[in-house]
Each structure stands twice: as C-alpha cells, then as structure tokens.
file final10.txt (compact mmCIF, C-alpha atoms)
# COMPACT_ATOMS: atom_id res chain seq x y z
CA MET Q 1002 114.26 41.81 41.87
CA PRO Q 1003 110.79 40.19 41.59
CA LYS Q 1004 109.35 39.54 38.16
CA THR Q 1005 107.00 42.27 36.95
CA LEU Q 1006 103.79 41.68 34.99
CA LEU Q 1007 103.12 44.29 32.30
CA LEU Q 1008 99.38 44.75 31.78
CA CYS Q 1009 97.51 46.20 28.80
CA ASP Q 1010 93.78 46.44 28.07
CA CYS Q 1011 94.37 46.26 24.30
CA LEU Q 1012 92.88 49.63 23.30
CA GLY Q 1013 90.21 49.35 25.99
CA SER Q 1014 88.78 46.10 24.59
CA GLN Q 1015 88.95 44.26 27.92
CA SER Q 1016 88.65 45.07 31.60
CA VAL Q 1017 91.80 44.33 33.61
CA ASP Q 1018 91.87 44.57 37.43
CA ALA Q 1019 95.55 44.91 38.34
CA ASP Q 1020 94.91 44.74 42.11
CA THR Q 1021 92.98 41.44 41.86
CA ILE Q 1022 95.67 39.86 39.68
CA ALA Q 1023 98.50 41.07 41.94
CA THR Q 1024 96.87 39.92 45.18
CA ALA Q 1025 95.83 36.47 43.96
CA SER Q 1026 98.86 35.61 41.83
CA ASP Q 1027 101.59 37.15 44.03
CA MET Q 1028 102.94 39.00 40.99
CA VAL Q 1029 104.09 42.64 40.93
CA CYS Q 1030 101.79 44.28 38.40
CA SER Q 1031 102.28 47.43 36.41
CA ARG Q 1032 99.48 49.87 35.90
CA VAL Q 1033 97.09 48.92 33.11
CA HIS Q 1034 98.32 50.32 29.82
CA THR Q 1035 96.27 50.78 26.67
CA ALA Q 1036 98.69 50.50 23.73
CA LEU Q 1037 101.79 48.78 25.12
CA CYS Q 1038 102.84 47.42 21.71
CA THR Q 1039 102.60 50.78 19.87
CA LYS Q 1040 102.29 54.20 21.50
CA GLN Q 1041 103.53 52.97 24.89
CA ILE Q 1042 106.26 50.64 23.66
CA ASP Q 1043 108.85 52.82 25.37
CA VAL Q 1044 107.31 51.71 28.68
CA ALA Q 1045 107.87 48.08 27.67
CA ALA Q 1046 111.46 48.84 26.66
CA LYS Q 1047 112.18 50.50 30.02
CA ALA Q 1048 110.68 47.54 31.94
CA LEU Q 1049 112.64 45.01 29.87
CA ALA Q 1050 115.87 46.86 30.54
CA GLU Q 1051 115.28 47.01 34.30
CA GLY Q 1052 114.64 43.34 35.10
CA GLU Q 1053 112.64 40.16 34.63
CA VAL Q 1054 109.34 40.81 32.93
CA THR Q 1055 106.24 38.89 31.90
CA ILE Q 1056 104.03 40.60 29.33
CA ALA Q 1057 100.28 39.88 29.41
CA CYS Q 1058 99.98 39.57 25.65
CA GLN Q 1059 100.58 36.77 23.17
CA GLN Q 1060 99.38 38.40 19.94
CA GLU Q 1061 102.32 40.80 19.78
CA ARG Q 1062 104.86 38.37 21.21
CA ARG Q 1063 107.19 38.62 18.23
CA ARG Q 1064 107.21 42.43 18.48
CA PHE Q 1065 108.28 42.34 22.13
CA GLU Q 1066 110.88 39.63 21.47
CA GLU Q 1067 112.42 41.79 18.73
CA LEU Q 1068 112.38 44.75 21.12
CA ALA Q 1069 114.27 42.74 23.75
CA GLU Q 1070 116.86 41.65 21.20
CA GLU Q 1071 117.25 45.24 19.99
CA ILE Q 1072 117.98 46.64 23.46
CA GLY Q 1073 120.03 43.61 24.57
CA SER Q 1074 117.76 42.45 27.38
CA GLU Q 1075 116.43 39.01 28.31
CA ILE Q 1076 113.50 37.68 26.29
CA PRO Q 1077 110.40 38.24 28.48
CA GLY Q 1078 107.81 35.68 29.50
CA PHE Q 1079 104.30 35.87 28.05
CA VAL Q 1080 100.79 35.03 29.20
CA ASP Q 1081 97.55 35.46 27.25
CA ILE Q 1082 94.84 36.95 29.46
CA ARG Q 1083 92.96 38.60 26.59
CA ASP Q 1084 91.90 35.79 24.26
CA ARG Q 1085 91.71 33.23 27.08
CA ALA Q 1086 89.82 35.41 29.56
CA GLY Q 1087 89.36 39.14 28.84
CA TRP Q 1088 87.44 38.75 25.61
CA HIS Q 1089 84.34 36.87 26.74
CA ASP Q 1090 80.61 36.93 26.19
CA ASP Q 1091 79.63 36.11 29.78
CA ASP Q 1092 78.34 38.65 32.26
CA GLY Q 1093 80.78 37.55 34.97
CA ASP Q 1094 84.09 39.05 36.01
CA ALA Q 1095 87.13 37.69 34.13
CA GLY Q 1096 89.51 38.81 36.89
CA PRO Q 1097 89.74 35.45 38.71
CA LYS Q 1098 90.55 33.60 35.48
CA MET Q 1099 93.13 36.22 34.50
CA ALA Q 1100 94.80 35.86 37.91
CA ALA Q 1101 94.83 32.06 37.59
CA LEU Q 1102 96.42 32.20 34.14
CA VAL Q 1103 99.07 34.63 35.38
CA ALA Q 1104 99.91 32.43 38.37
CA GLU Q 1105 100.17 29.36 36.13
CA ALA Q 1106 102.48 31.19 33.72
CA ASN Q 1107 104.77 32.06 36.64
CA LEU Q 1108 105.25 28.40 37.62
CA ALA Q 1109 108.65 26.81 37.06
CA ILE Q 1110 107.75 23.79 34.93
CA PRO Q 1111 110.62 21.41 34.09
CA LEU Q 1112 111.60 21.18 30.46
CA PRO Q 1113 110.56 17.91 28.84
CA ARG Q 1114 113.24 15.28 28.46
CA ALA Q 1115 114.33 14.66 24.89
CA LEU Q 1116 117.02 13.01 22.85
CA ASP Q 1117 118.62 14.16 19.61
CA VAL Q 1118 117.81 12.20 16.46
CA VAL Q 1119 120.18 12.76 13.55
CA SER Q 1120 119.06 12.19 9.98
CA GLU Q 1121 121.73 12.50 7.30
CA GLY Q 1122 119.12 12.11 4.57
CA THR Q 1123 119.63 8.53 3.36
CA CYS Q 1124 116.25 7.59 1.91
CA LEU Q 1125 114.82 4.28 0.68
CA ILE Q 1126 111.94 4.54 -1.79
CA LEU Q 1127 109.59 1.61 -2.33
CA GLY Q 1128 106.88 1.28 -4.96
CA PRO Q 1129 106.05 0.84 -8.63
CA ALA Q 1130 108.80 1.98 -10.96
CA ASP Q 1131 107.07 5.03 -12.45
CA ALA Q 1132 106.11 6.57 -9.09
CA ALA Q 1133 109.29 5.55 -7.23
CA LEU Q 1134 111.69 6.76 -9.94
CA ASP Q 1135 109.81 10.04 -10.32
CA ALA Q 1136 110.02 10.65 -6.55
CA ALA Q 1137 113.72 9.77 -6.62
CA ARG Q 1138 114.39 12.31 -9.37
CA ARG Q 1139 112.73 15.01 -7.29
CA LEU Q 1140 114.60 14.10 -4.11
CA CYS Q 1141 118.07 13.09 -5.27
CA ASP Q 1142 119.48 16.62 -5.11
CA THR Q 1143 118.45 16.84 -1.45
CA LEU Q 1144 118.66 13.27 -0.15
CA ALA Q 1145 120.88 10.25 -0.74
CA VAL Q 1146 118.25 8.13 -2.46
CA THR Q 1147 118.03 4.39 -3.12
CA VAL Q 1148 115.06 2.95 -5.05
CA LEU Q 1149 114.04 -0.68 -4.59
CA LEU Q 1150 112.61 -2.21 -7.77
CA THR Q 1151 111.52 -5.74 -8.62
CA SER Q 1152 112.69 -5.87 -12.24
CA GLY Q 1153 115.88 -4.91 -14.03
CA GLU Q 1154 113.84 -3.67 -16.98
CA ASP Q 1155 112.34 -0.98 -14.75
CA ALA Q 1156 115.84 0.29 -14.01
CA ALA Q 1157 116.85 0.81 -17.64
CA ASP Q 1158 116.02 4.53 -17.58
CA ALA Q 1159 117.08 5.21 -13.98
CA ASP Q 1160 118.87 8.48 -13.32
CA PRO Q 1161 122.55 7.95 -12.37
CA ARG Q 1162 122.17 10.56 -9.61
CA PHE Q 1163 120.57 7.97 -7.31
CA ASP Q 1164 121.02 4.26 -6.58
CA VAL Q 1165 118.72 1.52 -7.86
CA VAL Q 1166 118.62 -1.98 -6.37
CA LEU Q 1167 116.53 -5.02 -7.22
CA GLY Q 1168 114.95 -7.40 -4.73
CA ARG Q 1169 112.23 -7.77 -2.14
CA LEU Q 1170 111.84 -6.15 1.24
CA ARG Q 1171 111.95 -8.86 3.89
CA SER Q 1172 111.63 -6.74 7.03
CA ALA Q 1173 111.99 -3.23 8.37
CA LYS Q 1174 112.28 -1.84 11.88
CA GLY Q 1175 113.32 1.38 13.53
CA ALA Q 1176 112.38 5.01 13.05
CA LEU Q 1177 113.75 8.29 11.71
CA GLY Q 1178 117.52 8.22 11.60
CA ASN Q 1179 117.78 4.52 12.40
CA PHE Q 1180 115.76 2.24 10.11
CA GLU Q 1181 117.17 -1.28 9.78
CA ILE Q 1182 116.20 -2.93 6.49
CA VAL Q 1183 116.56 -6.57 5.42
CA PHE Q 1184 116.26 -7.58 1.74
CA ASP Q 1185 115.88 -10.89 -0.03
CA GLY Q 1186 117.25 -11.37 -3.53
CA LEU Q 1187 119.14 -8.10 -3.29
CA ARG Q 1188 120.97 -7.15 -6.46
CA GLN Q 1189 122.95 -3.92 -6.69
CA ARG Q 1190 123.55 -2.00 -9.88
CA ILE Q 1191 127.07 -2.26 -11.29
CA PRO Q 1192 128.26 1.18 -12.40
CA GLY Q 1193 129.66 1.59 -15.91
CA GLY Q 1194 129.19 -0.47 -19.04
CA ARG Q 1195 127.16 0.09 -22.16
CA GLY Q 1196 123.46 -0.62 -22.69
CA ALA Q 1197 121.13 -1.97 -20.01
CA PRO Q 1198 122.55 -1.80 -16.48
CA GLU Q 1199 124.00 -4.96 -14.98
CA PHE Q 1200 123.42 -6.13 -11.42
CA THR Q 1201 125.28 -8.23 -8.89
CA ALA Q 1202 124.20 -11.77 -8.02
CA PRO Q 1203 121.19 -11.90 -5.66
CA ARG Q 1204 121.73 -12.08 -1.90
CA ASP Q 1205 119.15 -13.05 0.70
CA ARG Q 1206 118.93 -11.45 4.14
CA ALA Q 1207 121.05 -8.52 3.00
CA GLU Q 1208 121.05 -5.83 5.70
CA SER Q 1209 121.15 -2.07 5.28
CA GLN Q 1210 120.24 1.10 7.13
CA CYS Q 1211 118.59 4.38 6.18
CA ASP Q 1212 117.17 7.49 7.80
CA ILE Q 1213 113.89 7.79 5.87
CA VAL Q 1214 111.52 5.32 4.21
CA LEU Q 1215 109.17 6.59 1.50
CA ASP Q 1216 106.56 3.89 0.85
CA LEU Q 1217 104.71 4.32 -2.44
CA THR Q 1218 103.59 0.69 -2.77
CA GLY Q 1219 99.95 1.42 -1.94
CA GLU Q 1220 99.97 -1.83 0.05
CA ALA Q 1221 99.70 -2.55 3.78
CA ALA Q 1222 101.95 -0.37 5.93
CA LEU Q 1223 105.28 -1.72 7.11
CA PHE Q 1224 104.59 -0.64 10.71
CA PRO Q 1225 101.64 -0.50 13.11
CA ALA Q 1226 100.16 2.98 13.49
CA PRO Q 1227 102.22 4.14 10.48
CA HIS Q 1228 101.24 7.80 10.82
CA LYS Q 1229 102.97 7.82 14.22
CA ARG Q 1230 106.27 6.38 12.96
CA ASP Q 1231 108.75 9.24 12.53
CA GLY Q 1232 110.59 9.06 9.21
CA TYR Q 1233 108.11 6.65 7.59
CA LEU Q 1234 106.07 8.34 4.88
CA ARG Q 1235 103.32 6.75 2.79
CA ALA Q 1236 101.42 7.92 -0.26
CA ASP Q 1237 99.02 6.45 -2.79
CA PRO Q 1238 101.11 6.06 -5.99
CA GLY Q 1239 98.05 6.99 -8.04
CA SER Q 1240 97.51 10.33 -6.30
CA ILE Q 1241 99.61 13.20 -7.65
CA PRO Q 1242 98.86 15.53 -4.68
CA ALA Q 1243 99.66 12.78 -2.15
CA LEU Q 1244 102.93 11.99 -3.93
CA ALA Q 1245 103.92 15.65 -4.00
CA GLU Q 1246 103.20 16.06 -0.29
CA ALA Q 1247 105.16 12.93 0.63
CA VAL Q 1248 108.14 14.11 -1.43
CA ARG Q 1249 107.99 17.52 0.27
CA GLU Q 1250 107.90 15.96 3.73
CA ALA Q 1251 110.80 13.64 2.94
CA SER Q 1252 112.94 16.53 1.71
CA GLU Q 1253 112.60 18.23 5.11
CA LEU Q 1254 113.77 15.25 7.18
CA VAL Q 1255 117.45 16.13 7.18
CA GLY Q 1256 119.25 17.44 10.25
CA THR Q 1257 119.01 17.01 14.01
CA PHE Q 1258 115.58 16.64 15.56
CA GLU Q 1259 114.44 16.51 19.18
CA LYS Q 1260 112.45 13.40 20.08
CA PRO Q 1261 110.48 13.82 23.33
CA LEU Q 1262 110.87 11.08 25.93
CA TYR Q 1263 107.21 10.60 26.68
CA VAL Q 1264 107.34 7.94 29.39
CA ARG Q 1265 109.62 6.92 32.23
CA LEU Q 1266 110.18 3.23 33.01
CA THR Q 1267 111.18 1.92 36.44
CA GLU Q 1268 112.21 -1.63 35.64
CA SER Q 1269 112.23 -2.83 39.25
CA LEU Q 1270 108.50 -2.10 39.54
CA CYS Q 1271 107.49 -3.88 36.34
CA ALA Q 1272 105.11 -6.80 36.89
CA HIS Q 1273 105.57 -8.28 33.43
CA SER Q 1274 107.31 -11.48 34.52
CA ARG Q 1275 109.12 -13.21 37.33
CA ALA Q 1276 111.35 -16.27 36.90
CA GLY Q 1277 110.19 -16.57 33.32
CA GLN Q 1278 106.48 -16.67 34.27
CA VAL Q 1279 104.53 -13.97 32.46
CA ALA Q 1280 102.10 -12.11 34.71
CA CYS Q 1281 101.19 -8.81 33.02
CA THR Q 1282 101.05 -7.78 29.37
CA ASN Q 1283 98.83 -4.70 29.63
CA CYS Q 1284 101.27 -2.27 28.01
CA LEU Q 1285 102.37 -4.79 25.38
CA ASP Q 1286 98.76 -5.37 24.35
CA LEU Q 1287 97.87 -1.68 24.21
CA CYS Q 1288 100.87 0.03 22.59
CA PRO Q 1289 99.69 1.07 19.10
CA THR Q 1290 103.17 1.60 17.67
CA GLY Q 1291 104.88 -1.53 18.99
CA ALA Q 1292 107.36 0.54 20.99
CA ILE Q 1293 107.14 -1.80 24.01
CA THR Q 1294 108.73 -5.25 23.91
CA PRO Q 1295 109.50 -7.97 26.50
CA ASP Q 1296 112.99 -7.70 28.00
CA GLY Q 1297 113.54 -10.49 30.50
CA ASP Q 1298 111.37 -10.08 33.58
CA HIS Q 1299 110.42 -6.54 32.60
CA VAL Q 1300 109.60 -4.67 29.42
CA ALA Q 1301 111.60 -2.18 27.36
CA VAL Q 1302 110.32 1.00 25.73
CA ASP Q 1303 111.93 2.19 22.50
CA PRO Q 1304 111.85 6.00 22.80
CA LEU Q 1305 112.33 6.45 19.04
CA ILE Q 1306 109.12 4.55 18.30
CA CYS Q 1307 107.00 5.71 21.25
CA ALA Q 1308 104.47 8.31 20.07
CA GLY Q 1309 103.36 9.42 23.51
CA CYS Q 1310 99.73 8.24 23.58
CA GLY Q 1311 100.05 7.36 27.29
CA ALA Q 1312 97.95 4.17 27.12
CA CYS Q 1313 100.74 2.16 28.77
CA SER Q 1314 100.93 4.52 31.73
CA ALA Q 1315 97.17 4.45 32.23
CA ALA Q 1316 97.06 0.63 32.20
CA CYS Q 1317 100.19 -0.14 34.23
CA PRO Q 1318 99.09 -1.75 37.52
CA SER Q 1319 102.40 -1.21 39.33
CA GLY Q 1320 103.33 2.30 38.28
CA ALA Q 1321 106.42 1.05 36.46
CA ILE Q 1322 105.56 3.18 33.42
CA THR Q 1323 104.63 6.78 34.12
CA TYR Q 1324 103.88 9.57 31.69
CA ASP Q 1325 106.68 12.11 31.70
CA ALA Q 1326 105.88 14.76 29.09
CA PRO Q 1327 105.10 16.64 31.24
CA PRO Q 1328 105.67 14.80 34.53
CA VAL Q 1329 102.43 14.01 36.34
CA ASP Q 1330 103.41 16.07 39.40
CA ALA Q 1331 104.02 19.11 37.17
CA LEU Q 1332 100.57 18.72 35.62
CA PHE Q 1333 98.90 18.57 39.03
CA ARG Q 1334 100.87 21.60 40.23
CA ARG Q 1335 99.44 23.52 37.27
CA LEU Q 1336 95.90 22.36 38.07
CA ASN Q 1337 96.25 23.18 41.76
CA THR Q 1338 97.72 26.61 41.02
CA LEU Q 1339 94.92 27.44 38.58
CA ALA Q 1340 92.17 26.34 40.97
CA GLU Q 1341 93.63 27.91 44.12
CA THR Q 1342 94.40 31.24 42.47
CA TYR Q 1343 90.98 31.34 40.82
CA ARG Q 1344 89.27 30.95 44.19
CA LYS Q 1345 91.67 33.36 45.91
CA ALA Q 1346 90.69 36.01 43.35
CA GLY Q 1347 87.00 35.55 44.14
CA GLY Q 1348 86.06 32.96 41.56
CA THR Q 1349 83.67 30.10 42.29
CA THR Q 1350 83.08 26.67 40.73
CA PRO Q 1351 86.06 26.61 38.36
CA ARG Q 1352 85.64 24.25 35.42
CA LEU Q 1353 88.32 22.24 33.65
CA LEU Q 1354 88.05 21.65 29.89
CA VAL Q 1355 89.85 18.49 28.73
CA HIS Q 1356 90.64 18.04 25.04
CA ASP Q 1357 92.99 16.08 22.84
CA GLN Q 1358 95.69 17.64 20.69
CA ASP Q 1359 93.57 17.57 17.54

call {"tool": "encode", "arguments": {"input": "final10.txt", "output": "structure tokens"}}
result
Amino acid sequence: MPKTLLLCDCLGSQSVDADTIATASDMVCSRVHTALCTKQIDVAAKALAEGEVTIACQQERRRFEELAEEIGSEIPGFVDIRDRAGWHDDDGDAGPKMAALVAEANLAIPLPRALDVVSEGTCLILGPADAALDAARRLCDTLAVTVLLTSGEDAADADPRFDVVLGRLRSAKGALGNFEIVFDGLRQRIPGGRGAPEFTAPRDRAESQCDIVLDLTGEAALFPAPHKRDGYLRADPGSIPALAEAVREASELVGTFEKPLYVRLTESLCAHSRAGQVACTNCLDLCPTGAITPDGDHVAVDPLICAGCGACSAACPSGAITYDAPPVDALFRRLNTLAETYRKAGGTTPRLLVHDQD
C-alpha cells in the first residue's frame, strides 16, 4: 500500500493545494483537514491503523507519536509544510515549495554511520586545589574521580570518597571514553594511617586512562580546538557559574554515546606520500582538532577526535577523504528532488539558502 500524506490547514491559517502536492510529489494525499490534532484526530487514528502515513505537521508530532503508540501502529513520518512554506508573507503561491518539501521527506536517506563510545565515568580533574577539590566533592557520587594536585599539603583535607594524586601532567591524548594520560612525578595516596596522608615514591612517565577530563587550570588547553574534543571540559577556576556548568556537563557523560563517522577515507587514493616522499599535507595542515595523522604513505583519521568540519574533504585533491554525514550523493539527491519537484509544481527560480549549524 502506498504511503499516504495527511494534510491539515491548521485551523485555516494556511492554504494547502492537495492536487498540486499529489501531482508533483507522487504522494497519495488525503483531503485537507482543519483540526487533525484535535477534533479530527479520529481521522488520523484511522489512517495510522490502515497503513504507512506521513503527517504534514511537526508542531504536534509528539501528539501523533503518542497516538500511534496507543493504537499499536507504526510511528508515522512527518514533514513541516506550515512553518517552512504555508505561513509566509509573500504574495506568491506556497504550493510548489510544499510539494518540494513533501517529496524530499519521502526520500530514503541512509542513516549516518556511527560508532558506540562507552564512558564508565572515570574522571580526571586538573586545577588549583580549592576549585578541583570542590568539583570532586560535587561529582564523586556520580563519577569515579581522581584529582591531580601539585602539593601534598593541598591533599590534607581531601574527601576519602575520591582519589588524590600528586604530580605533573606530561601529556594527554584521546577523547571521551578513551583518554590516555601520562604523568611525571606521580605519587599516589596511601590509604590508612593517622594525620596527613602519605604518598608513594614519585614515578615519571606513569600511564593511566580515563573517560573524562575536567580542566580547571585556567591555562592553555590540552588539545587543539578544545571545544570540539568530546569528553574534555574546561572552566575558569575563578568563575562560579562556569565551574557549575562544567560540573553539570561532566556528570552527564556516563553511558553509551553515538559518535558520527563524519568522513570516509579511501587509503589507496591518498596522495600524502609515496616511497617515503611526502607530496600532500592539505588535510594535515587544515584539521583543527588534530584528528588526521600520517600513517605510512597515506593518512589516518581518528573518528573519536574528528569533529566533522569537512575541511579535509574540501581540500583533498584526490578524493581520498570524502564527507559522509550525510554522503555527498544523498545530499545531491535531496537538492535535485527539491528543485525538480518545485518546478514540476509550477514554481520558478528556486533559491537555496546555505547556513552553518549555529
């Protein structure tokens, strides 16, 4: 049974031409209803029970989803033709744009590739003793916290609910769920005893791992483009609101998260190097997060660090790196569908608005 599009003019606040939409988008359209989410909701229930349905409304999406769950039918698809087309201040007909939006919504777009990132909540806190220990006290009931301090005197009043170590951070790499930390002069607190805590002998190049890094040092960031590094949180230790927000964000980074795979790399096409002779470093020079590194005659992309800016794909001369969230062919299918349907419905000179996520 073909998918049916349920139409509604939202209490007569927009003009909807069902014939234009049906002809141009190749969708089976219902008659135009007026109050599909209230007085005529029984019509929606009947349509949901009978087969695949797309509802031309986004505002009341949750209401229709609850209705589908209540009657045991499939969750319908949705397309917004009201806010994106029907409600307009122009004198022209919104029918062609409505038809284009409907046709686009009916496209089968592949789901983005992703990998699961698991964070068990092990958290390293860096910074001056007062700010770091206060953050640890707030987080230790939620996360497995370790605080790095520089002096044993600062650890005298540390809460036994979290770990305190002394030393210096030598290096850090990785991202949420997989940070690799190296310390110099690492000294771990010895449990038990009376009076001031005692610590083990210092060790250089001591290695550890954690899921989250909370940086309250107020110094230079540990990573390039720090705001794009999942699991790495920074706050000014002198700002109470910033500290509170960082603590809140850290407390929520426990569980399994989906990390999109933004780019696809075809190593055989990479022009980085041949026989040890470097030829191209475009992506290495442009990547703001440092996710791309040399790997023999080609490069490697760390999907956990990649933030999806797409600069590498735009600059790659051989097509070895392509943007994949969504795939380029899927994006062009959307554009072609929008433009062709718009013209088929009688529209002229369609315009494309390009904007960034912010």

call {"tool": "residues_around", "arguments": {"input": "final10.txt", "residues": "Q:Arg1083", "least_positions_apart": "3", "cutoff": "10 Å", "atoms": "all atoms listed in the file", "output": "JSON list (two decimals) with C-alpha atoms, in the coordinates of the input"}}
result
[["chain", "number", "residue", "atom", "x", "y", "z"],
["Q", 1009, "CYS", "CA", 97.51, 46.20, 28.80],
["Q", 1010, "ASP", "CA", 93.78, 46.44, 28.07],
["Q", 1011, "CYS", "CA", 94.37, 46.26, 24.30],
["Q", 1014, "SER", "CA", 88.78, 46.10, 24.59],
["Q", 1015, "GLN", "CA", 88.95, 44.26, 27.92],
["Q", 1016, "SER", "CA", 88.65, 45.07, 31.60],
["Q", 1017, "VAL", "CA", 91.80, 44.33, 33.61],
["Q", 1057, "ALA", "CA", 100.28, 39.88, 29.41],
["Q", 1058, "CYS", "CA", 99.98, 39.57, 25.65],
["Q", 1059, "GLN", "CA", 100.58, 36.77, 23.17],
["Q", 1060, "GLN", "CA", 99.38, 38.40, 19.94],
["Q", 1080, "VAL", "CA", 100.79, 35.03, 29.20],
["Q", 1086, "ALA", "CA", 89.82, 35.41, 29.56],
["Q", 1087, "GLY", "CA", 89.36, 39.14, 28.84],
["Q", 1088, "TRP", "CA", 87.44, 38.75, 25.61],
["Q", 1089, "HIS", "CA", 84.34, 36.87, 26.74],
["Q", 1095, "ALA", "CA", 87.13, 37.69, 34.13],
["Q", 1099, "MET", "CA", 93.13, 36.22, 34.50]]

call {"tool": "atom_distance", "arguments": {"input": "final10.txt", "atom1": "atom CA of Q:Lys1345", "atom2": "atom CA of Q:Pro1077"}}
result
26.0 Å

call {"tool": "atom_distance", "arguments": {"input": "final10.txt", "atom1": "atom CA of Q:Thr1294", "atom2": "atom CA of Q:Lys1260"}}
result
19.4 Å

call {"tool": "atom_distance", "arguments": {"input": "final10.txt", "atom1": "atom CA of Q:Ile1082", "atom2": "atom CA of Q:Pro1113"}}
result
24.7 Å

call {"tool": "closest_residue", "arguments": {"input": "final10.txt", "among": "Q:Ile1022, Q:Arg1265, Q:Cys1030, Q:Leu1006", "to": "Q:Ile1056", "atoms": "only C-alpha atoms"}}
result
Q:Leu1006
